[in-house]
>>> print(open('start12.txt').read())   # compact mmCIF, C-alpha atoms and all ligand atoms
# COMPACT_ATOMS: atom_id res chain seq x y z
CA MET A 429 92.15 120.41 86.59
CA SER A 430 92.44 116.91 85.25
CA LYS A 431 93.91 114.21 87.43
CA GLU A 432 97.24 114.36 85.59
CA ASN A 433 97.52 118.00 86.61
CA PHE A 434 97.34 117.67 90.38
CA PRO A 435 100.74 118.45 91.92
CA ILE A 436 100.95 115.01 93.49
CA GLU A 437 104.60 115.28 94.54
CA SER A 438 103.78 118.40 96.60
CA PHE A 439 100.66 116.73 97.98
CA LYS A 440 102.78 113.89 99.40
CA ALA A 441 104.37 116.30 101.88
CA ILE A 442 101.06 117.64 103.18
CA GLN A 443 99.07 116.26 106.09
CA THR A 444 95.77 114.81 104.81
CA PRO A 445 92.89 115.43 104.58
CA PHE A 446 93.10 118.93 103.12
CA TYR A 447 91.30 121.20 100.69
CA TYR A 448 93.09 122.17 97.51
CA TYR A 449 92.00 125.20 95.51
CA ASP A 450 92.89 125.70 91.86
CA MET A 451 93.30 129.48 91.83
CA GLU A 452 93.80 129.65 88.06
CA LEU A 453 90.39 128.05 87.54
CA LEU A 454 88.86 130.43 90.07
CA ASP A 455 90.38 133.40 88.21
CA GLU A 456 89.04 132.10 84.93
CA THR A 457 85.57 131.58 86.41
CA LEU A 458 85.51 135.04 88.00
CA SER A 459 86.62 136.70 84.75
CA ILE A 460 83.80 135.04 82.83
CA ILE A 461 81.18 136.05 85.40
CA LYS A 462 82.53 139.60 85.35
CA GLU A 463 82.40 139.71 81.56
CA GLU A 464 78.85 138.35 81.36
CA THR A 465 77.40 140.58 84.10
CA ALA A 466 79.12 143.65 82.61
CA LYS A 467 77.43 142.91 79.27
CA TYR A 468 74.03 143.52 80.83
CA GLY A 469 74.88 145.83 83.74
CA PHE A 470 73.99 143.13 86.29
CA THR A 471 75.45 142.96 89.82
CA GLU A 472 76.74 139.66 91.24
CA HIS A 473 76.80 139.33 95.03
CA TYR A 474 78.86 136.20 95.74
CA ALA A 475 77.01 133.99 98.25
CA ILE A 476 79.55 133.74 101.07
CA LYS A 477 77.82 130.67 102.49
CA ALA A 478 79.26 128.54 99.68
CA ASN A 479 82.84 129.06 100.82
CA ALA A 480 84.11 131.65 103.28
CA ASN A 481 87.81 130.83 103.10
CA PRO A 482 89.48 134.27 103.54
CA THR A 483 91.91 133.74 100.62
CA LEU A 484 89.02 132.96 98.28
CA LEU A 485 86.93 135.84 99.63
CA LYS A 486 89.77 138.32 99.04
CA LYS A 487 90.21 137.06 95.50
CA ILE A 488 86.48 137.29 94.75
CA ALA A 489 86.25 140.77 96.31
CA SER A 490 89.21 141.89 94.18
CA TYR A 491 87.07 141.32 91.07
CA GLY A 492 84.58 143.89 92.36
CA PHE A 493 81.85 141.38 93.23
CA GLY A 494 79.33 142.23 95.91
CA ALA A 495 78.50 139.76 98.69
CA ASP A 496 75.38 137.92 99.80
CA CYS A 497 75.42 137.20 103.53
CA VAL A 498 73.14 135.20 105.79
CA SER A 499 74.64 135.94 109.21
CA GLY A 500 76.47 138.61 111.14
CA GLY A 501 79.56 136.44 110.89
CA GLU A 502 79.33 136.48 107.10
CA VAL A 503 78.80 140.25 107.06
CA LYS A 504 81.98 140.64 109.14
CA ALA A 505 83.91 138.23 106.90
CA ALA A 506 82.75 140.12 103.79
CA LEU A 507 83.83 143.46 105.22
CA GLU A 508 87.19 142.06 106.34
CA ALA A 509 87.84 140.54 102.91
CA GLY A 510 87.32 143.93 101.30
CA PHE A 511 83.88 143.60 99.72
CA ASP A 512 82.35 147.01 99.09
CA PRO A 513 79.67 147.52 101.81
CA ALA A 514 77.51 149.24 99.19
CA LYS A 515 77.28 145.86 97.43
CA ILE A 516 76.52 143.66 100.46
CA VAL A 517 73.05 142.17 100.87
CA PHE A 518 71.89 140.37 103.99
CA ALA A 519 69.21 137.62 103.86
CA GLY A 520 67.96 134.97 106.30
CA VAL A 521 64.74 134.23 108.18
CA GLY A 522 66.26 134.68 111.63
CA LYS A 523 68.44 137.75 111.86
CA ALA A 524 69.43 138.40 115.50
CA ASP A 525 69.55 141.98 116.83
CA TRP A 526 73.37 142.04 116.97
CA GLU A 527 73.53 140.86 113.37
CA ILE A 528 71.21 143.65 112.25
CA GLU A 529 73.36 146.13 114.17
CA THR A 530 76.57 144.78 112.60
CA ALA A 531 75.07 145.19 109.14
CA LEU A 532 73.77 148.70 109.82
CA ASP A 533 77.12 149.75 111.30
CA GLY A 534 78.87 148.30 108.27
CA GLY A 535 76.70 150.38 105.94
CA ILE A 536 75.47 147.49 103.79
CA PHE A 537 73.40 147.92 100.62
CA CYS A 538 70.21 146.26 101.90
CA PHE A 539 68.46 143.69 104.05
CA ASN A 540 66.44 141.00 102.32
CA VAL A 541 63.52 140.91 104.71
CA GLU A 542 61.65 137.67 105.22
CA SER A 543 58.81 138.60 107.64
CA VAL A 544 56.91 141.56 109.08
CA PRO A 545 58.22 141.09 112.66
CA GLU A 546 61.76 141.16 111.26
CA ALA A 547 61.00 144.40 109.34
CA GLU A 548 59.70 145.94 112.57
CA ILE A 549 62.89 145.06 114.46
CA ILE A 550 65.15 146.39 111.70
CA ASN A 551 63.03 149.55 111.72
CA SER A 552 63.43 150.05 115.46
CA ILE A 553 67.17 149.29 115.51
CA ALA A 554 67.73 151.65 112.55
CA GLY A 555 65.63 154.30 114.34
CA ALA A 556 67.73 154.01 117.49
CA LYS A 557 70.85 154.54 115.39
CA GLY A 558 69.29 157.46 113.52
CA VAL A 559 69.71 155.78 110.12
CA LYS A 560 67.41 154.58 107.40
CA ALA A 561 67.73 150.93 106.35
CA SER A 562 67.20 149.85 102.75
CA VAL A 563 65.22 146.66 102.41
CA GLU A 564 64.08 144.30 99.69
CA ILE A 565 61.24 141.92 100.40
CA ARG A 566 62.14 138.28 99.88
CA VAL A 567 59.22 136.87 97.97
CA ASN A 568 58.38 133.20 97.90
CA PRO A 569 57.20 132.87 94.29
CA ASN A 570 56.07 129.24 94.53
CA VAL A 571 58.22 128.14 91.60
CA ASP A 572 59.51 124.57 91.70
CA ALA A 573 63.30 124.43 91.36
CA HIS A 574 63.23 120.69 90.51
CA THR A 575 66.21 120.03 92.75
CA HIS A 576 66.80 118.07 95.98
CA ALA A 577 64.08 118.72 98.61
CA LYS A 578 66.68 119.84 101.16
CA ILE A 579 67.88 122.64 98.88
CA THR A 580 64.48 123.78 97.59
CA THR A 581 63.42 127.14 99.01
CA GLY A 582 60.84 128.74 96.73
CA LEU A 583 57.70 126.69 97.43
CA SER A 584 54.82 127.90 99.62
CA GLU A 585 55.57 125.14 102.13
CA ASN A 586 59.15 126.45 102.68
CA LYS A 587 60.02 128.77 105.56
CA PHE A 588 61.60 131.40 103.30
CA GLY A 589 60.16 134.67 102.07
CA ILE A 590 56.72 136.23 101.96
CA ASN A 591 53.95 134.32 100.18
CA LEU A 592 52.44 136.08 97.18
CA SER A 593 48.97 136.32 98.73
CA GLN A 594 50.42 138.31 101.65
CA LEU A 595 52.71 140.56 99.61
CA PRO A 596 50.42 143.63 99.22
CA GLN A 597 49.75 143.85 102.98
CA VAL A 598 53.44 143.38 103.79
CA ILE A 599 54.41 146.17 101.39
CA GLU A 600 51.86 148.44 103.01
CA LYS A 601 53.25 147.64 106.48
CA ILE A 602 56.83 148.32 105.37
CA ASP A 603 55.79 151.59 103.70
CA ASN A 604 54.54 152.69 107.10
CA LEU A 605 57.79 151.94 108.90
CA GLU A 606 59.56 155.27 108.85
CA ASN A 607 63.15 154.04 109.14
CA LEU A 608 62.90 151.61 106.24
CA GLU A 609 63.10 152.24 102.54
CA LEU A 610 61.72 149.52 100.29
CA ILE A 611 64.05 149.35 97.30
CA GLY A 612 63.19 146.07 95.64
CA LEU A 613 62.19 142.43 95.63
CA HIS A 614 64.31 139.35 96.23
CA PHE A 615 63.80 135.78 95.03
CA HIS A 616 65.79 132.60 95.61
CA ILE A 617 64.08 129.34 94.74
CA GLY A 618 66.77 126.75 95.37
CA SER A 619 70.22 125.47 94.61
CA GLN A 620 71.96 123.14 92.12
CA ILE A 621 69.50 124.04 89.36
CA THR A 622 70.86 122.73 86.06
CA ASP A 623 67.83 123.28 83.83
CA LEU A 624 67.79 126.91 82.69
CA LYS A 625 64.05 126.56 82.01
CA VAL A 626 63.53 126.76 85.76
CA PHE A 627 65.01 130.27 85.71
CA GLU A 628 62.78 131.14 82.74
CA ALA A 629 59.81 130.09 84.86
CA LEU A 630 61.08 132.29 87.68
CA CYS A 631 61.38 135.25 85.29
CA SER A 632 57.79 134.76 84.08
CA LYS A 633 56.55 134.70 87.64
CA VAL A 634 58.52 137.84 88.49
CA ASN A 635 57.15 139.58 85.38
CA GLU A 636 53.64 138.74 86.55
CA ILE A 637 54.33 140.14 90.00
CA THR A 638 56.05 143.35 88.90
CA GLY A 639 53.43 143.82 86.16
CA GLU A 640 50.61 143.73 88.69
CA PHE A 641 52.32 146.24 90.95
CA ALA A 642 53.25 148.51 88.03
CA ALA A 643 49.57 148.63 87.08
CA SER A 644 48.88 150.21 90.46
CA GLY A 645 51.82 152.61 90.11
CA ARG A 646 54.41 150.72 92.18
CA MET A 647 57.87 150.20 90.65
CA PHE A 648 60.77 148.24 92.13
CA LYS A 649 64.21 149.58 91.29
CA ASN A 650 66.05 146.40 92.28
CA LEU A 651 65.21 142.81 91.42
CA ASN A 652 67.41 140.19 93.06
CA PHE A 653 67.14 136.69 91.62
CA GLY A 654 69.21 134.88 94.26
CA GLY A 655 71.60 132.11 93.27
CA GLY A 656 71.07 128.52 92.32
CA LEU A 657 72.94 127.85 89.07
CA GLY A 658 74.08 124.24 89.27
CA ILE A 659 77.38 122.66 88.31
CA ASP A 660 78.47 119.42 86.67
CA TYR A 661 79.29 117.06 89.53
CA GLN A 662 79.46 114.07 87.14
CA ASP A 663 82.18 115.57 84.96
CA PRO A 664 84.14 118.28 86.76
CA ASP A 665 86.76 118.45 83.98
CA GLY A 666 84.31 118.61 81.08
CA GLY A 667 82.12 121.06 82.98
CA ARG A 668 84.82 123.05 84.71
CA ILE A 669 83.03 126.36 84.09
CA PRO A 670 79.23 126.49 84.47
CA ASP A 671 77.07 128.00 81.73
CA PHE A 672 77.17 131.61 82.95
CA LYS A 673 76.60 132.89 79.42
CA GLY A 674 73.32 130.99 79.10
CA TYR A 675 72.28 131.78 82.66
CA PHE A 676 72.63 135.57 82.51
CA LYS A 677 71.18 135.67 79.00
CA VAL A 678 67.97 134.06 80.30
CA PHE A 679 67.45 136.98 82.66
CA ASP A 680 68.37 139.63 80.11
CA THR A 681 65.95 138.09 77.62
CA CYS A 682 63.09 137.18 79.95
CA VAL A 683 62.85 139.91 82.60
CA LYS A 684 60.57 142.74 81.48
CA ARG A 685 61.95 145.96 82.87
CA ASN A 686 62.69 149.64 82.37
CA SER A 687 66.26 150.75 81.88
CA ASP A 688 66.49 152.07 85.47
CA VAL A 689 65.75 148.66 87.03
CA LYS A 690 68.86 146.90 88.36
CA LEU A 691 69.17 143.12 88.34
CA HIS A 692 71.12 141.37 91.10
CA PHE A 693 72.33 137.78 91.51
CA GLU A 694 73.71 135.76 94.41
CA LEU A 695 75.57 132.83 92.91
CA GLY A 696 77.62 130.75 95.33
CA ARG A 697 78.13 127.17 94.19
CA ALA A 698 78.71 128.02 90.52
CA VAL A 699 81.50 130.42 91.48
CA VAL A 700 83.61 128.16 93.69
CA ALA A 701 82.58 124.49 93.45
CA GLN A 702 84.84 123.32 90.65
CA CYS A 703 88.02 125.00 91.89
CA GLY A 704 88.01 123.00 95.15
CA THR A 705 89.07 119.40 95.78
CA LEU A 706 89.21 117.46 99.02
CA ILE A 707 92.41 115.42 99.08
CA SER A 708 92.35 112.39 101.34
CA LYS A 709 94.52 109.35 101.98
CA VAL A 710 93.47 105.71 101.90
CA LEU A 711 93.92 104.29 105.38
CA TYR A 712 92.75 100.75 104.74
CA ILE A 713 91.25 98.54 102.11
CA LYS A 714 88.77 96.32 103.86
CA GLU A 715 87.33 93.21 102.24
CA GLY A 716 83.75 92.71 103.43
CA GLU A 717 81.49 89.79 102.67
CA VAL A 718 79.85 91.52 99.73
CA LYS A 719 81.75 94.80 99.42
CA LYS A 720 85.23 96.12 99.21
CA PHE A 721 85.66 99.30 101.25
CA ALA A 722 88.21 102.02 100.62
CA ILE A 723 88.45 103.66 104.04
CA LEU A 724 89.69 107.24 103.82
CA ASP A 725 91.06 109.64 106.41
CA ALA A 726 88.37 112.15 105.38
CA GLY A 727 84.76 111.72 106.37
CA PHE A 728 81.53 113.65 106.32
CA THR A 729 83.17 116.05 108.74
CA GLU A 730 85.15 117.38 105.73
CA LEU A 731 82.50 116.93 103.00
CA ILE A 732 78.96 116.42 104.23
CA ARG A 733 77.14 116.68 100.91
CA PRO A 734 76.94 112.93 100.11
CA ALA A 735 75.65 112.10 103.61
CA MET A 736 73.26 115.05 103.80
CA TYR A 737 71.87 115.34 100.28
CA ASP A 738 72.83 111.97 98.71
CA ALA A 739 75.07 114.12 96.52
CA TYR A 740 77.32 112.64 93.87
CA HIS A 741 80.97 113.76 93.86
CA SER A 742 83.45 112.51 91.32
CA ILE A 743 86.29 110.61 93.04
CA GLU A 744 89.69 109.71 91.61
CA ASN A 745 92.58 107.69 92.86
CA ILE A 746 95.33 110.12 91.89
CA THR A 747 98.24 107.96 93.09
CA SER A 748 98.00 104.75 91.08
CA SER A 749 97.10 102.61 88.97
CA ASP A 750 96.40 100.73 85.76
CA THR A 751 93.69 98.35 86.88
CA GLU A 752 90.29 99.24 88.26
CA GLU A 753 88.21 97.94 91.13
CA VAL A 754 84.82 98.66 92.62
CA TYR A 755 84.68 100.18 96.10
CA ASP A 756 82.39 101.71 98.62
CA VAL A 757 84.38 104.82 99.51
CA VAL A 758 83.84 105.57 103.19
CA GLY A 759 85.17 107.77 105.97
CA PRO A 760 86.24 107.02 109.54
CA ILE A 761 83.28 108.66 111.34
CA CYS A 762 81.23 106.42 113.61
CA GLU A 763 78.01 106.79 111.63
CA SER A 764 76.77 104.52 108.85
CA SER A 765 75.95 107.57 106.72
CA ASP A 766 79.67 108.36 106.45
CA VAL A 767 79.84 107.12 102.88
CA PHE A 768 81.14 109.17 99.95
CA ALA A 769 80.21 106.71 97.21
CA LYS A 770 78.80 103.23 96.78
CA ASP A 771 79.97 100.71 94.17
CA ARG A 772 82.31 103.23 92.54
CA LYS A 773 84.83 102.00 89.95
CA LEU A 774 88.23 103.49 90.74
CA GLY A 775 91.91 102.91 90.15
CA LYS A 776 92.86 99.88 92.30
CA ALA A 777 93.76 101.31 95.67
CA LYS A 778 96.22 100.51 98.42
CA ARG A 779 97.05 102.04 101.78
CA GLY A 780 98.61 105.49 101.36
CA ASP A 781 97.06 106.28 97.96
CA LEU A 782 95.67 109.79 97.57
CA PHE A 783 92.04 110.21 96.58
CA ALA A 784 90.67 113.42 95.09
CA LEU A 785 87.04 114.20 95.91
CA ARG A 786 86.14 116.70 93.24
CA SER A 787 83.79 119.70 93.10
CA ALA A 788 84.26 120.27 96.82
CA GLY A 789 84.84 124.03 96.60
CA ALA A 790 81.23 124.85 97.44
CA TYR A 791 79.64 123.74 100.70
CA GLY A 792 82.72 121.67 101.55
CA GLU A 793 85.19 123.47 103.81
CA VAL A 794 82.53 125.86 105.08
CA MET A 795 80.32 122.99 106.29
CA ALA A 796 83.16 121.09 107.98
CA SER A 797 82.65 120.11 111.60
CA GLN A 798 84.66 118.74 114.47
CA TYR A 799 82.30 115.87 115.20
CA ASN A 800 84.18 112.94 116.77
CA LEU A 801 86.63 115.67 117.91
CA ARG A 802 88.28 115.74 114.55
CA GLN A 803 90.58 118.57 113.53
CA LEU A 804 89.39 121.04 110.94
CA PRO A 805 91.58 120.50 107.88
CA LYS A 806 93.76 123.14 106.27
CA ALA A 807 93.40 124.68 102.84
CA TYR A 808 96.15 124.94 100.21
CA PHE A 809 96.22 127.00 97.04
CA SER A 810 97.67 126.16 93.63
CA ASN A 811 99.58 129.43 93.50
CA ASN A 812 101.14 128.96 96.94
CA LEU A 813 101.44 125.34 97.99
CA LYS A 814 102.81 125.96 101.46
N1 LIG B 901 70.97 133.29 97.98
C1 LIG B 901 70.26 132.73 98.97
C2 LIG B 901 69.23 133.52 99.64
C3 LIG B 901 70.51 131.40 99.36
O1 LIG B 901 69.80 130.85 100.32
C4 LIG B 901 71.53 130.66 98.69
C5 LIG B 901 71.84 129.28 99.06
C6 LIG B 901 72.25 131.29 97.67
C7 LIG B 901 71.94 132.61 97.33
C8 LIG B 901 73.36 130.62 96.91
O2 LIG B 901 72.90 129.53 96.19
P1 LIG B 901 73.87 128.75 95.17
O3 LIG B 901 74.19 129.68 94.03
O4 LIG B 901 75.07 128.33 95.91
O5 LIG B 901 73.02 127.60 94.72
N2 LIG B 901 74.52 123.20 101.35
C9 LIG B 901 73.73 122.92 100.16
C10 LIG B 901 73.32 124.19 99.45
C11 LIG B 901 72.50 125.13 100.31
C12 LIG B 901 72.15 126.40 99.62
C13 LIG B 901 71.55 127.38 100.57
N3 LIG B 901 71.23 128.64 100.00
C14 LIG B 901 74.53 122.01 99.24
O6 LIG B 901 75.64 121.63 99.59
O7 LIG B 901 74.04 121.59 98.18
>>> encode(input="start12.txt", output="structure tokens", more="lines below")
Ligand code: LLP
Amino acid sequence: MSKENFPIESFKAIQTPFYYYDMELLDETLSIIKEETAKYGFTEHYAIKANANPTLLKKIASYGFGADCVSGGEVKAALEAGFDPAKIVFAGVGKADWEIETALDGGIFCFNVESVPEAEIINSIAGAKGVKASVEIRVNPNVDAHTHAKITTGLSENKFGINLSQLPQVIEKIDNLENLELIGLHFHIGSQITDLKVFEALCSKVNEITGEFAASGRMFKNLNFGGGLGIDYQDPDGGRIPDFKGYFKVFDTCVKRNSDVKLHFELGRAVVAQCGTLISKVLYIKEGEVKKFAILDAGFTELIRPAMYDAYHSIENITSSDTEEVYDVVGPICESSDVFAKDRKLGKAKRGDLFALRSAGAYGEVMASQYNLRQLPKAYFSNNLK
């Protein structure tokens, strides 16, 4: 959606800030993912954590995607939105007993287990229910994702997964737990990965691991590569659809496997980021001693990524204007980290102008908070602007 295409007249009647979702772009994105995964017989489990808005979840479920959940709340949301339980996976280092029960009762596909104590608890809860739980072991492959430290997960120092040196003993332990069935391995090394070579490195590492186990007669029927495909935050119009073709091709080309091995993916950001925009109003233009501030009615309570990860989001003044000026774009929260952008050249702004903060569909609405007792904003959809 280029700036000319935002329905600005309709926006004027809506209380700001709000999230706006371009449902046509989401449809287009989902169709491409569907097409590419079908080519290779891969399964995509949409990572609910990226955006759990029920309208979006229903749409994504309607394309036959599975779901990747990291909490009991997400498992419930996935089931309510109509995701097929047989395609729901459940990861996370700290699954509480009630969350494990919710997932077992829902009949999910598998748990991605991150420690032996967790496997033991799933085993005992499954035993008490008289069911067998399918599990994959989340392996920490020690592959550098070359992304922001706060969204890197696949290094030995990270809390996620089982380290390679401990993997054989962990497999043996799980084999001995009678209510668990080990059906595969799971990997997720980080997020916002834009260099496909990183995924090639992951594939090589996985080949090494599965090769070693195959030599001793152990096969894994399911290999789950997590998510992580990055998007173009600099140019959301030029890069409206991430390179799914290239991404899935890497795995088809690089993963050594028999025809009965199933490959799974858990993309979140790449699915929903570009279809979402945070629309906010300029409250004041403040002339400082060295800076000019555009003070918006949205803050890090509505989009925390710049404050939390120093993330870049493209910003546009969609109301005016012919001339340009340089602003620090800031929110109203009483914290000095409540800054969306520094020294950003934008259309000259005045009170009441609407700003579009782009690529906010992933980790935007879902990470919103009520800090400073702010209201959670509403979401609006291009196909139903009411
Ligand atoms: N699978 C697992 C096990 C994960 O931990 C994650 C993300 C995903 C899949 C989906 O990754 P994606 O395809 O979205 O990169 N709030 C941060 C991102 C945190 C990602 C956490 N895990 C941000 O705004 O950049």
>>> atom_distance(input="start12.txt", atom1="atom CA of Leu608 of chain A", atom2="atom CA of Lys560 of chain A")
5.5 Å
>>> closest_atom_pairs(input="start12.txt", of="chain A", to="ligand LIG 901 (chain B)", cutoff="8 Å", atoms="only C-alpha atoms and all ligand atoms", output="tab-separated table")
residue	atom	partner	partner_atom	distance
A:Tyr474	CA	B:LIG901	C8	7.9
A:Ala475	CA	B:LIG901	C8	5.1
A:Lys477	CA	B:LIG901	C5	7.0
A:Ala478	CA	B:LIG901	O4	5.6
A:Asp496	CA	B:LIG901	N1	6.6
A:Val498	CA	B:LIG901	C2	7.5
A:Ala519	CA	B:LIG901	C2	5.9
A:Gly520	CA	B:LIG901	C2	6.9
A:Lys578	CA	B:LIG901	C9	7.8
A:Ile579	CA	B:LIG901	C11	5.4
A:Thr581	CA	B:LIG901	O1	7.5
A:Phe615	CA	B:LIG901	C2	7.5
A:His616	CA	B:LIG901	C2	5.4
A:Gly618	CA	B:LIG901	O5	6.3
A:Ser619	CA	B:LIG901	O5	3.5
A:Gln620	CA	B:LIG901	O5	5.3
A:Ile621	CA	B:LIG901	O5	7.3
A:Gly654	CA	B:LIG901	N1	4.4
A:Gly655	CA	B:LIG901	O3	3.6
A:Gly656	CA	B:LIG901	O5	3.2
A:Leu657	CA	B:LIG901	O3	5.4
A:Gly658	CA	B:LIG901	O5	6.5
A:Phe693	CA	B:LIG901	C7	7.8
A:Glu694	CA	B:LIG901	C7	4.6
A:Leu695	CA	B:LIG901	O3	3.6
A:Gly696	CA	B:LIG901	O4	3.6
A:Arg697	CA	B:LIG901	O4	3.7
A:Ala698	CA	B:LIG901	O3	6.0
A:Val699	CA	B:LIG901	O3	7.8
A:Ile732	CA	B:LIG901	O6	7.7
A:Arg733	CA	B:LIG901	O6	5.3
A:Tyr737	CA	B:LIG901	O7	6.9
A:Ala739	CA	B:LIG901	O7	7.7
A:Ala790	CA	B:LIG901	O6	6.8
A:Tyr791	CA	B:LIG901	O6	4.7
A:Gly792	CA	B:LIG901	O6	7.3
A:Met795	CA	B:LIG901	N2	7.6
>>> closest_residue(input="start12.txt", among="A:Asp671, A:Glu636, A:Asp725, A:Asp750", to="Val683 of chain A", atoms="all atoms listed in the file")
A:Glu636
>>> axis_aligned_box(input="start12.txt", around="segment 549-553 of chain A", padding_each_side="5 Å", output="JSON")
{"center_x": 65.0, "center_y": 147.6, "center_z": 113.6, "size_x": 14.3, "size_y": 15.0, "size_z": 13.8}
>>> closest_residue(input="start12.txt", among="A:Ala777, A:Leu605, A:Leu484, A:Val598", to="Asn551 of chain A", atoms="all atoms listed in the file")
A:Leu605
>>> closest_residue(input="start12.txt", among="A:Asp688, A:Glu752, A:Glu546, A:Glu527", to="Glu502 of chain A", atoms="all atoms listed in the file")
A:Glu527
>>> closest_residue(input="start12.txt", among="A:Val559, A:Ala629, A:Leu813, A:Cys762", to="Gly727 of chain A", atoms="only C-alpha atoms")
A:Cys762
>>> closest_atom_pairs(input="start12.txt", of="segment 572-690 of chain A", to="segment 429-449 of chain A", cutoff="9 Å", atoms="only C-alpha atoms", output="CSV")
residue,atom,partner,partner_atom,distance
A:Pro664,CA,A:Met429,CA,8.3
A:Asp665,CA,A:Ser430,CA,6.0
A:Arg668,CA,A:Met429,CA,8.0
>>> atom_distance(input="start12.txt", atom1="atom CA of Asn586 of chain A", atom2="atom CA of Val563 of chain A")
21.1 Å
>>> closest_residue(input="start12.txt", among="A:Phe627, A:Phe537, A:Phe511, A:Phe721", to="Tyr491 of chain A", atoms="all atoms listed in the file")
A:Phe511
>>> closest_residue(input="start12.txt", among="A:Ile488, A:Ile669, A:Ala735, A:Ala554", to="Glu606 of chain A", atoms="all atoms listed in the file")
A:Ala554
>>> residues_near_point(input="start12.txt", point="(83.1, 140.2, 112.1)", cutoff="12 Å", atoms="all atoms listed in the file", output="PyMOL selection string")
chain A and resi 497+499-509+526-527+529-531+533-534
>>> atom_distance(input="start12.txt", atom1="atom CA of Ile599 of chain A", atom2="atom CA of Asn650 of chain A")
14.8 Å
>>> residues_near_point(input="start12.txt", point="(64.4, 141.5, 92.3)", cutoff="12 Å", atoms="all atoms listed in the file", output="PyMOL selection string")
chain A and resi 470-471+540+563-569+610-616+630-631+633-635+637-638+647-655+679+683-685+689-694
